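Colleague: Coordinates in upload_16.txt, compact mmCIF, C-alpha atoms, are listed below.
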```txt
# COMPACT_ATOMS: atom_id res chain seq x y z
CA MET A 291 246.67 135.61 -129.08
CA TYR A 292 246.14 136.33 -132.80
CA ARG A 293 249.89 136.71 -133.33
CA GLN A 294 250.54 133.42 -131.50
CA ARG A 295 248.03 131.54 -133.69
CA ARG A 296 249.49 133.17 -136.82
CA ASN A 297 253.00 132.04 -135.79
CA ASN A 298 251.69 128.53 -135.16
CA ARG A 299 250.23 128.45 -138.66
CA ASN A 300 253.45 129.80 -140.17
CA ASN A 301 255.50 127.14 -138.39
CA HIS A 302 253.00 124.54 -139.64
CA PHE A 303 253.55 125.65 -143.25
CA ARG A 304 257.33 125.77 -142.89
CA ARG A 305 257.31 122.04 -142.18
CA ILE A 306 256.48 121.46 -145.83
CA LYS A 307 260.24 121.47 -146.49
CA SER A 308 260.66 118.30 -144.43
CA PHE A 309 257.80 116.45 -146.11
CA ASN A 310 259.24 113.84 -148.46
CA PRO A 311 257.14 113.45 -151.63
CA SER A 312 258.59 109.96 -152.17
CA SER A 313 256.50 108.80 -149.23
CA LEU A 314 253.44 109.20 -151.42
CA VAL A 315 254.84 106.89 -154.08
CA ARG A 316 255.98 104.40 -151.48
CA ASN A 317 252.48 104.17 -150.06
CA VAL A 318 251.07 103.50 -153.51
CA VAL A 319 253.03 100.31 -153.95
CA GLN A 320 253.10 99.08 -150.36
CA THR A 321 249.58 97.88 -149.70
CA VAL A 322 248.86 95.08 -147.32
CA LYS A 323 245.44 93.47 -147.32
CA GLU A 324 243.94 93.60 -143.84
CA GLU A 325 241.77 90.92 -142.34
CA THR A 326 238.06 91.70 -142.30
CA TYR A 327 237.01 93.02 -138.90
CA VAL A 328 234.28 90.99 -137.22
CA ALA A 329 232.23 93.15 -134.87
CA THR A 330 231.48 91.81 -131.40
CA HIS A 331 228.26 93.80 -131.16
CA SER A 332 225.42 94.94 -133.38
CA PHE A 333 223.57 98.23 -132.99
CA ALA A 334 220.52 96.18 -132.02
CA SER A 335 222.45 94.51 -129.18
CA PHE A 336 223.68 97.72 -127.55
CA LYS A 337 221.80 98.65 -124.37
CA ILE A 338 220.31 101.84 -125.78
CA ASN A 339 216.87 103.38 -126.31
CA ASP A 340 214.64 101.68 -128.91
CA GLN A 341 213.88 104.95 -130.73
CA LEU A 342 217.60 105.66 -130.88
CA LYS A 343 218.10 102.22 -132.45
CA ARG A 344 215.46 103.04 -135.06
CA ASN A 345 217.14 106.35 -135.85
CA ILE A 346 220.47 104.57 -136.25
CA SER A 347 218.87 102.07 -138.63
CA GLU A 348 217.24 104.86 -140.66
CA LYS A 349 220.68 106.43 -141.06
CA GLY A 350 221.68 103.25 -142.87
CA TYR A 351 223.95 101.95 -140.11
CA SER A 352 223.87 98.18 -139.74
CA THR A 353 227.15 96.85 -138.35
CA PRO A 354 229.36 98.95 -136.04
CA THR A 355 232.78 99.98 -137.32
CA PRO A 356 235.75 98.86 -135.17
CA ILE A 357 235.94 102.16 -133.25
CA GLN A 358 232.16 102.06 -132.64
CA ASP A 359 232.17 98.39 -131.67
CA GLN A 360 234.92 98.84 -129.11
CA THR A 361 234.17 102.25 -127.62
CA ILE A 362 230.36 102.40 -127.36
CA PRO A 363 230.12 99.79 -124.55
CA LEU A 364 232.93 101.52 -122.62
CA ILE A 365 231.38 104.97 -122.93
CA LEU A 366 228.05 103.51 -121.77
CA GLU A 367 229.94 102.35 -118.66
CA TYR A 368 231.10 105.97 -118.07
CA LYS A 369 234.76 105.24 -118.79
CA ASP A 370 237.28 107.84 -119.94
CA ILE A 371 238.44 106.98 -123.44
CA ILE A 372 241.39 107.76 -125.71
CA GLY A 373 240.21 106.72 -129.17
CA ILE A 374 242.77 106.51 -131.96
CA ALA A 375 241.44 105.89 -135.44
CA ASN A 376 241.85 107.07 -139.00
CA THR A 377 239.53 109.70 -140.41
CA GLY A 378 236.32 108.34 -141.91
CA THR A 379 236.04 105.42 -139.50
CA GLY A 380 232.86 106.50 -137.70
CA LYS A 381 234.32 108.27 -134.67
CA THR A 382 231.43 110.75 -134.46
CA ALA A 383 228.78 108.07 -134.06
CA ALA A 384 231.12 106.20 -131.69
CA PHE A 385 230.74 108.94 -129.09
CA LEU A 386 227.34 110.41 -130.00
CA ILE A 387 225.33 107.19 -129.67
CA PRO A 388 226.33 106.33 -126.07
CA LEU A 389 226.22 110.00 -124.99
CA ILE A 390 222.66 110.35 -126.30
CA GLU A 391 221.76 107.28 -124.25
CA ALA A 392 223.39 108.87 -121.19
CA VAL A 393 221.23 111.97 -121.65
CA LEU A 394 218.09 109.87 -122.12
CA GLN A 395 218.86 108.11 -118.85
CA ASN A 396 219.39 111.42 -117.05
CA ARG A 397 217.92 114.53 -118.67
CA ALA A 398 220.02 116.75 -116.40
CA LYS A 399 223.25 115.60 -118.03
CA LYS A 400 225.09 118.12 -120.19
CA VAL A 401 227.68 117.26 -122.84
CA LEU A 402 230.32 119.58 -124.32
CA ILE A 403 231.88 118.62 -127.68
CA LEU A 404 234.89 120.54 -129.02
CA ALA A 405 235.81 120.39 -132.70
CA PRO A 406 238.67 122.13 -134.55
CA THR A 407 236.66 123.55 -137.48
CA ARG A 408 233.24 125.03 -138.09
CA GLU A 409 232.54 122.42 -140.75
CA LEU A 410 233.24 119.51 -138.43
CA ALA A 411 231.14 121.09 -135.67
CA LEU A 412 228.27 121.50 -138.14
CA GLN A 413 228.60 117.90 -139.24
CA ILE A 414 228.54 116.66 -135.63
CA GLY A 415 225.45 118.80 -135.03
CA ASP A 416 223.69 117.38 -138.10
CA GLU A 417 224.47 113.82 -137.07
CA LEU A 418 223.26 114.50 -133.53
CA LYS A 419 219.93 115.80 -134.88
CA ALA A 420 219.48 112.68 -137.01
CA PHE A 421 220.19 110.34 -134.10
CA THR A 422 217.92 112.23 -131.67
CA ARG A 423 214.88 112.59 -133.93
CA GLY A 424 211.75 112.20 -131.83
CA LEU A 425 213.69 112.02 -128.55
CA GLY A 426 213.36 115.64 -127.36
CA VAL A 427 217.12 116.15 -127.00
CA TYR A 428 218.27 119.71 -127.68
CA SER A 429 221.63 121.12 -128.70
CA ALA A 430 223.41 124.43 -129.29
CA LEU A 431 226.01 124.97 -132.01
CA CYS A 432 228.65 127.57 -131.13
CA ILE A 433 230.94 128.41 -134.04
CA GLY A 434 232.59 131.52 -135.41
CA GLY A 435 231.72 133.32 -138.62
CA VAL A 436 228.09 133.92 -137.63
CA ASN A 437 226.31 136.34 -135.31
CA PRO A 438 226.41 134.94 -131.74
CA ARG A 439 222.91 136.14 -130.80
CA ALA A 440 221.12 133.00 -131.97
CA GLN A 441 223.73 130.90 -130.17
CA ILE A 442 223.15 132.83 -126.94
CA TYR A 443 219.41 132.17 -127.29
CA ASP A 444 220.05 128.45 -127.83
CA LEU A 445 222.33 128.31 -124.78
CA ARG A 446 219.64 129.95 -122.64
CA ARG A 447 217.35 127.03 -123.51
CA ASN A 448 219.64 124.83 -121.39
CA PRO A 449 220.52 122.29 -124.12
CA ASN A 450 221.86 118.85 -123.30
CA PHE A 451 224.57 119.10 -125.96
CA VAL A 452 226.80 122.08 -126.73
CA ILE A 453 228.99 121.65 -129.82
CA GLY A 454 231.54 124.27 -130.74
CA THR A 455 234.97 125.45 -131.78
CA PRO A 456 237.34 126.53 -128.99
CA GLY A 457 237.52 130.22 -129.93
CA ARG A 458 233.76 130.79 -130.03
CA LEU A 459 233.18 128.71 -126.89
CA LYS A 460 235.71 130.89 -125.09
CA ASP A 461 233.81 133.99 -126.29
CA HIS A 462 230.59 132.60 -124.81
CA ILE A 463 232.37 131.99 -121.50
CA ASN A 464 234.26 135.29 -121.17
CA LYS A 465 232.67 137.88 -123.43
CA HIS A 466 228.97 137.00 -123.54
CA ARG A 467 228.75 135.20 -120.18
CA SER A 468 226.32 132.81 -121.83
CA LEU A 469 228.05 129.49 -121.08
CA ASN A 470 228.70 128.06 -117.62
CA LEU A 471 230.93 125.01 -117.89
CA ALA A 472 230.45 124.07 -114.24
CA GLN A 473 227.24 122.33 -115.33
CA PHE A 474 228.91 119.87 -117.70
CA GLU A 475 229.62 116.28 -116.71
CA ILE A 476 230.87 114.96 -120.06
CA VAL A 477 233.36 116.52 -122.49
CA VAL A 478 234.60 115.33 -125.89
CA LEU A 479 237.67 116.49 -127.80
CA ASP A 480 237.23 115.44 -131.42
CA GLU A 481 240.14 115.60 -133.90
CA ALA A 482 242.31 116.69 -130.98
CA ASP A 483 245.54 116.51 -132.99
CA HIS A 484 244.24 119.09 -135.45
CA MET A 485 243.10 121.42 -132.66
CA VAL A 486 246.61 121.30 -131.23
CA ASP A 487 248.21 121.75 -134.64
CA VAL A 488 246.33 124.94 -135.51
CA GLY A 489 247.10 126.60 -132.19
CA PHE A 490 244.04 125.94 -130.02
CA ILE A 491 245.90 124.24 -127.19
CA ASP A 492 245.73 127.24 -124.81
CA ASP A 493 242.02 127.74 -125.50
CA ILE A 494 241.40 124.04 -124.86
CA LYS A 495 243.29 124.17 -121.56
CA PHE A 496 241.27 127.24 -120.56
CA ILE A 497 237.99 125.45 -121.33
CA ILE A 498 239.02 122.23 -119.57
CA SER A 499 240.02 124.19 -116.44
CA ARG A 500 236.42 125.36 -116.08
CA ILE A 501 234.83 121.92 -116.31
CA PRO A 502 234.34 119.92 -113.07
CA LYS A 503 237.16 117.50 -112.35
CA GLN A 504 234.58 114.78 -111.76
CA ARG A 505 233.57 114.17 -115.36
CA GLN A 506 233.69 111.73 -118.23
CA SER A 507 236.33 112.72 -120.78
CA LEU A 508 236.56 111.37 -124.32
CA PHE A 509 239.61 112.12 -126.45
CA PHE A 510 239.54 111.22 -130.15
CA SER A 511 242.47 111.69 -132.49
CA ALA A 512 244.11 110.18 -135.55
CA THR A 513 247.62 110.77 -134.17
CA ILE A 514 249.11 111.44 -130.75
CA GLY A 515 252.35 113.41 -130.45
CA ASP A 516 254.06 115.14 -127.52
CA LYS A 517 251.61 118.07 -127.39
CA GLU A 518 248.64 115.74 -127.52
CA LYS A 519 250.13 113.72 -124.67
CA GLU A 520 250.47 116.94 -122.65
CA LEU A 521 246.81 117.65 -123.26
CA ILE A 522 245.81 114.10 -122.39
CA ARG A 523 247.49 114.37 -118.98
CA ALA A 524 245.31 117.37 -118.12
CA PHE A 525 242.17 115.93 -119.63
CA VAL A 526 241.48 112.26 -118.99
CA HIS A 527 241.63 110.21 -115.77
CA ASN A 528 242.56 106.52 -115.83
CA PRO A 529 241.58 106.28 -119.50
CA ILE A 530 241.10 103.18 -121.59
CA THR A 531 242.91 103.48 -124.90
CA VAL A 532 241.16 102.06 -127.95
CA SER A 533 243.32 102.07 -131.06
CA VAL A 534 241.91 100.75 -134.30
CA LYS A 535 244.38 102.55 -136.56
CA LYS A 536 245.92 99.82 -138.71
CA LYS A 537 247.70 101.87 -141.36
CA ASP A 538 247.69 105.40 -142.68
CA THR A 539 245.99 104.88 -146.03
CA LEU A 540 243.52 102.37 -147.39
CA GLU A 541 244.22 100.10 -150.31
CA ASN A 542 241.09 101.33 -152.09
CA ILE A 543 242.68 104.79 -152.59
CA GLN A 544 244.92 104.86 -155.65
CA GLN A 545 247.70 107.41 -155.08
CA GLU A 546 249.72 109.06 -157.82
CA VAL A 547 251.95 112.10 -158.27
CA ILE A 548 251.74 114.65 -161.09
CA ARG A 549 255.09 116.24 -161.87
CA THR A 550 255.13 119.78 -163.16
CA ALA A 551 258.31 121.51 -164.36
CA ASP A 552 256.62 124.74 -165.46
CA LYS A 553 254.51 126.64 -162.90
CA ALA A 554 252.89 128.59 -165.74
CA ARG A 555 251.45 125.33 -167.13
CA LYS A 556 250.32 123.90 -163.79
CA VAL A 557 246.73 125.06 -164.17
CA ASP A 558 246.72 123.70 -167.73
CA GLN A 559 247.78 120.30 -166.40
CA LEU A 560 244.95 120.48 -163.89
CA HIS A 561 242.52 121.39 -166.69
CA GLU A 562 243.65 118.36 -168.71
CA LEU A 563 242.98 116.12 -165.72
CA LEU A 564 239.54 117.52 -164.96
CA ILE A 565 238.22 116.94 -168.47
CA GLN A 566 239.11 113.26 -168.35
CA LYS A 567 236.48 110.59 -167.87
CA ASN A 568 235.38 109.70 -164.32
CA PHE A 569 236.52 112.98 -162.72
CA ASP A 570 232.94 113.29 -161.50
CA LYS A 571 233.27 114.82 -158.04
CA VAL A 572 236.64 116.40 -157.34
CA LEU A 573 238.04 117.96 -154.17
CA ILE A 574 241.10 120.16 -154.77
CA PHE A 575 243.31 121.33 -151.90
CA GLY A 576 245.45 124.46 -151.91
CA ARG A 577 247.62 125.90 -149.18
CA THR A 578 246.36 129.50 -148.98
CA LYS A 579 242.91 131.07 -149.14
CA TRP A 580 244.04 133.53 -151.79
CA GLY A 581 245.49 130.80 -153.98
CA VAL A 582 242.37 128.66 -153.64
CA GLN A 583 240.12 131.59 -154.56
CA ARG A 584 242.22 132.53 -157.62
CA LEU A 585 242.27 128.93 -158.83
CA SER A 586 238.51 128.62 -158.36
CA GLU A 587 237.89 131.76 -160.41
CA GLU A 588 240.22 130.51 -163.14
CA LEU A 589 238.44 127.15 -163.37
CA VAL A 590 235.06 128.87 -163.58
CA LYS A 591 236.41 131.03 -166.44
CA ARG A 592 237.42 127.81 -168.18
CA GLY A 593 233.86 126.49 -167.99
CA PHE A 594 234.04 124.22 -164.94
CA SER A 595 231.37 124.23 -162.24
CA ALA A 596 233.43 124.99 -159.14
CA GLY A 597 233.25 126.65 -155.73
CA ALA A 598 235.75 127.45 -152.99
CA ILE A 599 235.69 127.41 -149.19
CA HIS A 600 238.35 129.19 -147.15
CA GLY A 601 238.83 131.64 -144.30
CA ASN A 602 237.69 134.68 -146.29
CA ARG A 603 234.27 133.15 -146.93
CA THR A 604 231.45 133.80 -144.50
CA GLN A 605 230.03 130.79 -142.73
CA SER A 606 226.82 130.97 -144.75
CA GLN A 607 228.83 131.04 -147.99
CA ARG A 608 230.86 128.03 -146.91
CA GLN A 609 227.74 126.09 -145.97
CA ARG A 610 226.04 126.98 -149.27
CA ILE A 611 229.01 125.89 -151.38
CA LEU A 612 229.48 122.68 -149.39
CA GLY A 613 225.79 121.92 -149.88
CA GLN A 614 226.11 122.45 -153.63
CA PHE A 615 229.05 120.04 -153.76
CA LYS A 616 227.28 117.41 -151.65
CA ARG A 617 224.19 117.64 -153.89
CA ASP A 618 226.34 117.35 -157.05
CA GLU A 619 225.31 120.82 -158.20
CA ILE A 620 228.98 121.66 -158.73
CA GLN A 621 231.66 119.26 -159.92
CA ILE A 622 234.66 120.74 -158.11
CA LEU A 623 235.20 121.97 -154.56
CA LEU A 624 238.41 123.85 -153.81
CA ALA A 625 239.48 124.21 -150.20
CA THR A 626 242.23 124.98 -147.79
CA ASP A 627 242.93 122.45 -145.06
CA VAL A 628 239.91 123.74 -143.14
CA ALA A 629 237.95 121.10 -145.10
CA SER A 630 240.32 118.18 -144.67
CA ARG A 631 239.24 117.16 -141.17
CA GLY A 632 236.10 115.25 -140.45
CA LEU A 633 233.95 116.23 -143.42
CA ASP A 634 231.85 113.34 -144.66
CA ILE A 635 231.11 113.93 -148.35
CA ASP A 636 229.72 111.00 -150.31
CA ASP A 637 231.24 109.72 -153.54
CA VAL A 638 234.25 112.02 -153.97
CA SER A 639 235.92 110.44 -156.99
CA HIS A 640 239.23 112.32 -156.78
CA VAL A 641 241.23 114.33 -154.28
CA ILE A 642 243.84 116.58 -155.91
CA ASN A 643 246.62 118.17 -153.86
CA TYR A 644 247.26 121.17 -156.10
CA ASP A 645 249.61 122.49 -153.42
CA MET A 646 251.70 120.10 -151.39
CA PRO A 647 250.37 119.44 -147.88
CA ALA A 648 252.48 120.75 -145.04
CA THR A 649 252.93 117.36 -143.35
CA TYR A 650 252.36 113.71 -144.05
CA GLU A 651 249.51 113.74 -141.52
CA ASP A 652 247.81 116.51 -143.51
CA TYR A 653 248.22 114.40 -146.64
CA ILE A 654 246.48 111.47 -144.98
CA HIS A 655 243.59 113.61 -143.83
CA ARG A 656 243.19 115.22 -147.23
CA ILE A 657 243.08 112.03 -149.24
CA GLY A 658 240.75 110.47 -146.66
CA ARG A 659 237.94 112.49 -148.29
CA THR A 660 237.83 109.90 -151.08
CA GLY A 661 237.57 106.12 -150.94
CA ARG A 662 235.07 106.28 -148.09
CA ALA A 663 232.69 103.49 -147.09
CA HIS A 664 234.96 100.94 -148.84
CA LYS A 665 234.47 102.60 -152.24
CA SER A 666 237.41 103.22 -154.54
CA GLY A 667 238.97 106.66 -154.93
CA THR A 668 241.99 108.39 -156.41
CA ALA A 669 244.41 110.88 -154.84
CA LEU A 670 246.68 112.96 -157.10
CA THR A 671 249.46 115.21 -155.82
CA PHE A 672 251.21 117.90 -157.84
CA ILE A 673 254.98 117.96 -157.26
CA GLU A 674 257.18 120.68 -158.74
```
Starting from the file, give its structure as structure tokens.

Modeller:
Amino acid sequence: MYRQRRNNRNNHFRRIKSFNPSSLVRNVVQTVKEETYVATHSFASFKINDQLKRNISEKGYSTPTPIQDQTIPLILEYKDIIGIANTGTGKTAAFLIPLIEAVLQNRAKKVLILAPTRELALQIGDELKAFTRGLGVYSALCIGGVNPRAQIYDLRRNPNFVIGTPGRLKDHINKHRSLNLAQFEIVVLDEADHMVDVGFIDDIKFIISRIPKQRQSLFFSATIGDKEKELIRAFVHNPITVSVKKKDTLENIQQEVIRTADKARKVDQLHELLIQKNFDKVLIFGRTKWGVQRLSEELVKRGFSAGAIHGNRTQSQRQRILGQFKRDEIQILLATDVASRGLDIDDVSHVINYDMPATYEDYIHRIGRTGRAHKSGTALTFIE
């Protein structure tokens, strides 16, 4: 299994050769102003618990985003959904809010949520806790990189929500015998395209095969290719497709390329960028964990406040560094693509692709970390 996942990752990186850098420049100049979306519903008008509405309001949510506006009523009606939307459009709340209501209506209901990365699973868990404050709804977070004992304890408490990554969930099913999927009536695949891309498709199929066929299935993705379609056929039943994806990138993200002819001077070019005005909160992407770590150490030597998250970091280290970046205690976060999916970090001024992304889809997900909540942002990509 390890070798298969490694080969999947290697094939993913090989695709870099077919990624055309000119597509970045083309998307800079081709911006089309979209009409302002007018929501049909308000959070106050949804048929949900009053305390849940108050929690939503305290989170600062006023008007539903398009994916929330269109999917929440359908999920409340127990429909299977295929939701297609860009990153940063509120997909997490789109499924959490109606599923919390479903649990409040029937405390015996159990919900399984699969996410491709630990960071996204943690974010979903944090958002769930905020929405369920004062409602007595419990959850278990099952992710790798940490000792499973606490997770086993949480699972024994019979939580309504189980959130996890496919590999660790499979461990709880097979190895620890701590998770019985026969009890679950609702399942969510979040960022399904990324789970397929990094080689989780067999684990997902294994997990789905152990969930009752009579269930509600919610499938959320930014893109749907052939492998995703294969997964959809095994997952959802008579689904309603909700697509709110208008275009790949938003006009409030300024995109530019940085050409470098001398690899030896590449880090110097990066240094010159980082000392410029307005580079306040910068997310830098590299392709390998070793490269990201070396670059982080070099920037720290040069006097920058920086931290790195990658596969060689423990989960507690990754959480600590992410927290420092979110609280503006460090200026620069360096990451592999583990951080490009689903993370909601406020006020990232710049995304820098120090290494080229493997695919155009990866590029879109990376730069989606800036320009969130209709704020402006800048994406810079180094091209050799």

Colleague: Once you count only C-alpha atoms, what closest atom pair and distance in Å to one decimal does each residue of segment 317-424 of chain A within 8 Å of segment 499-515 of chain A have, with rows by chain and rising residue number, as JSON lines?

Modeller:
```
{"residue": "A:Tyr368", "atom": "CA", "partner": "A:Gln506", "partner_atom": "CA", "distance": 6.3}
{"residue": "A:Lys369", "atom": "CA", "partner": "A:Gln506", "partner_atom": "CA", "distance": 6.6}
{"residue": "A:Asp370", "atom": "CA", "partner": "A:Ser507", "partner_atom": "CA", "distance": 5.0}
{"residue": "A:Ile371", "atom": "CA", "partner": "A:Leu508", "partner_atom": "CA", "distance": 4.9}
{"residue": "A:Ile372", "atom": "CA", "partner": "A:Phe509", "partner_atom": "CA", "distance": 4.8}
{"residue": "A:Gly373", "atom": "CA", "partner": "A:Phe510", "partner_atom": "CA", "distance": 4.7}
{"residue": "A:Ile374", "atom": "CA", "partner": "A:Ser511", "partner_atom": "CA", "distance": 5.2}
{"residue": "A:Ala375", "atom": "CA", "partner": "A:Ala512", "partner_atom": "CA", "distance": 5.1}
{"residue": "A:Asn376", "atom": "CA", "partner": "A:Ala512", "partner_atom": "CA", "distance": 5.2}
{"residue": "A:Thr377", "atom": "CA", "partner": "A:Ala512", "partner_atom": "CA", "distance": 6.7}
{"residue": "A:Lys381", "atom": "CA", "partner": "A:Phe510", "partner_atom": "CA", "distance": 7.5}
{"residue": "A:Phe385", "atom": "CA", "partner": "A:Leu508", "partner_atom": "CA", "distance": 7.9}
```

Colleague: How would the residues just picked look written out with C-alpha atoms as a PDB file, in the coordinates of the input?

Modeller:
```
ATOM      1  CA  TYR A 368     231.100 105.970-118.070  1.00  0.00           C
ATOM      2  CA  LYS A 369     234.760 105.240-118.790  1.00  0.00           C
ATOM      3  CA  ASP A 370     237.280 107.840-119.940  1.00  0.00           C
ATOM      4  CA  ILE A 371     238.440 106.980-123.440  1.00  0.00           C
ATOM      5  CA  ILE A 372     241.390 107.760-125.710  1.00  0.00           C
ATOM      6  CA  GLY A 373     240.210 106.720-129.170  1.00  0.00           C
ATOM      7  CA  ILE A 374     242.770 106.510-131.960  1.00  0.00           C
ATOM      8  CA  ALA A 375     241.440 105.890-135.440  1.00  0.00           C
ATOM      9  CA  ASN A 376     241.850 107.070-139.000  1.00  0.00           C
ATOM     10  CA  THR A 377     239.530 109.700-140.410  1.00  0.00           C
ATOM     11  CA  LYS A 381     234.320 108.270-134.670  1.00  0.00           C
ATOM     12  CA  PHE A 385     230.740 108.940-129.090  1.00  0.00           C
TER      13      PHE A 385
END
```

Colleague: Neighbours of segment 546-554 of chain A within 7 Å (all atoms listed in the file; same-chain residues fewer than 4 positions away dropped), as a PyMOL selection string?

Modeller: chain A and resi 315+669-674

Colleague: Select, from A:Glu587, A:Ile543, A:Val628, A:Val557, the residue with the minimum atom-to-atom distance to Phe575 of chain A, counting only C-alpha atoms.

Modeller: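 Of the candidates, the smallest distance to Phe575 of chain A is held by A:Val628.
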
Colleague: If I take atom CA of Ile463 of chain A and atom CA of Glu475 of chain A, how far is one from the other in Å, to one decimal?

Modeller: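 Between atom CA of Ile463 of chain A and atom CA of Glu475 of chain A the gap is 16.7 Å.
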
Colleague: Please measure the separation of atom CA of Leu418 of chain A and atom CA of Leu469 of chain A, giving the value in Å to one decimal.

Modeller: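 For atom CA of Leu418 of chain A relative to atom CA of Leu469 of chain A, the distance reads 20.1 Å.
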
Colleague: When you count all atoms listed in the file, which of these residues is closest to Val572 of chain A: A:Lys519, A:Lys343, A:Lys616, A:Lys495?

Modeller: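 Of all the options, A:Lys616 lies closest to Val572 of chain A.
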
Colleague: Counting all atoms listed in the file, which residues sit no farther than 9 Å from the position (249.2, 124.3, -152.1) in the file's frame? I'd like them as a list in words.

Modeller: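 With a cut-off of 9 Å, the residues come to Phe575, Gly576, Arg577, Thr578, Gly581, Val582, Thr626, Asn643, Tyr644, Asp645, Met646, Pro647, Ala648 and Phe672 of chain A.
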
Colleague: Neighbours of Tyr351 of chain A within 10 Å (only C-alpha atoms; same-chain residues fewer than 6 positions away dropped), as a ChimeraX atom specification?

Modeller: /A:332-333,343-345,383

Colleague: Please, could you write that set of residues out with C-alpha atoms as a compact mmCIF listing (two decimals), in the coordinates of the input?

Modeller:
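The resulting result.txt:
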```txt
# COMPACT_ATOMS: atom_id res chain seq x y z
CA SER A 332 225.42 94.94 -133.38
CA PHE A 333 223.57 98.23 -132.99
CA LYS A 343 218.10 102.22 -132.45
CA ARG A 344 215.46 103.04 -135.06
CA ASN A 345 217.14 106.35 -135.85
CA ALA A 383 228.78 108.07 -134.06
```

Colleague: Have a look at A:Arg610, A:Asn464, A:Trp580, A:Ala598 and name the one nearest to Leu624 of chain A; count only C-alpha atoms.

Modeller: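 Of A:Arg610, A:Asn464, A:Trp580, A:Ala598, the one nearest Leu624 of chain A, counting only C-alpha atoms, is A:Ala598.
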
Colleague: Give me the residues near Gln609 of chain A as a list in words, where near means some atom within 12 Å (using only C-alpha atoms) and where sequence neighbours in that chain fewer than 3 positions away do not count.

Modeller: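 Near Gln609 of chain A, the qualifying residues are Arg408, Glu409, Leu410, Ala411, Leu412, Gln413, Gly435, Val436, Gly597, Ala598, Ile599, His600, Arg603, Thr604, Gln605, Ser606, Leu612, Gly613, Gln614, Phe615, Lys616, Ala629 and Leu633 of chain A.
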
Colleague: Would you mind telling me which residue in A:Gln621, A:His466, A:Leu471, A:Lys579 lies nearest to Ser595 of chain A when using only C-alpha atoms?

Modeller: A:Gln621

Colleague: Calculate how many Å separate atom CA of Leu521 of chain A from atom CA of Ile476 of chain A, rounding to one decimal.

Modeller: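 Answer for the atom CA of Leu521 of chain A to atom CA of Ile476 of chain A separation: 16.5 Å.
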
Colleague: When distances are computed from only C-alpha atoms, which of A:Ala334, A:Ile530, A:Ile522, A:Ile497 shows the smallest separation from His462 of chain A?

Modeller: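 Closest to His462 of chain A of all the choices is A:Ile497.
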
Colleague: Show which residues sit within 10 Å of His561 of chain A, as a ChimeraX atom specification. Count only C-alpha atoms, and ignore same-chain residues fewer than 4 positions away.

Modeller: /A:555-557,565-566,589,592,594

Colleague: Take the residues from that selection and write them out as a JSON list (two decimals), in the coordinates of the input, keeping C-alpha atoms.

Modeller:
```json
[["chain", "number", "residue", "atom", "x", "y", "z"],
["A", 555, "ARG", "CA", 251.45, 125.33, -167.13],
["A", 556, "LYS", "CA", 250.32, 123.90, -163.79],
["A", 557, "VAL", "CA", 246.73, 125.06, -164.17],
["A", 565, "ILE", "CA", 238.22, 116.94, -168.47],
["A", 566, "GLN", "CA", 239.11, 113.26, -168.35],
["A", 589, "LEU", "CA", 238.44, 127.15, -163.37],
["A", 592, "ARG", "CA", 237.42, 127.81, -168.18],
["A", 594, "PHE", "CA", 234.04, 124.22, -164.94]]
```

Colleague: Taking all atoms listed in the file into account, which of A:Leu404, A:Leu425, A:Ile365, A:Ile574 comes nearest Asn339 of chain A?

Modeller: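 Answer, going by the shortest atom-to-atom distance: A:Leu425.
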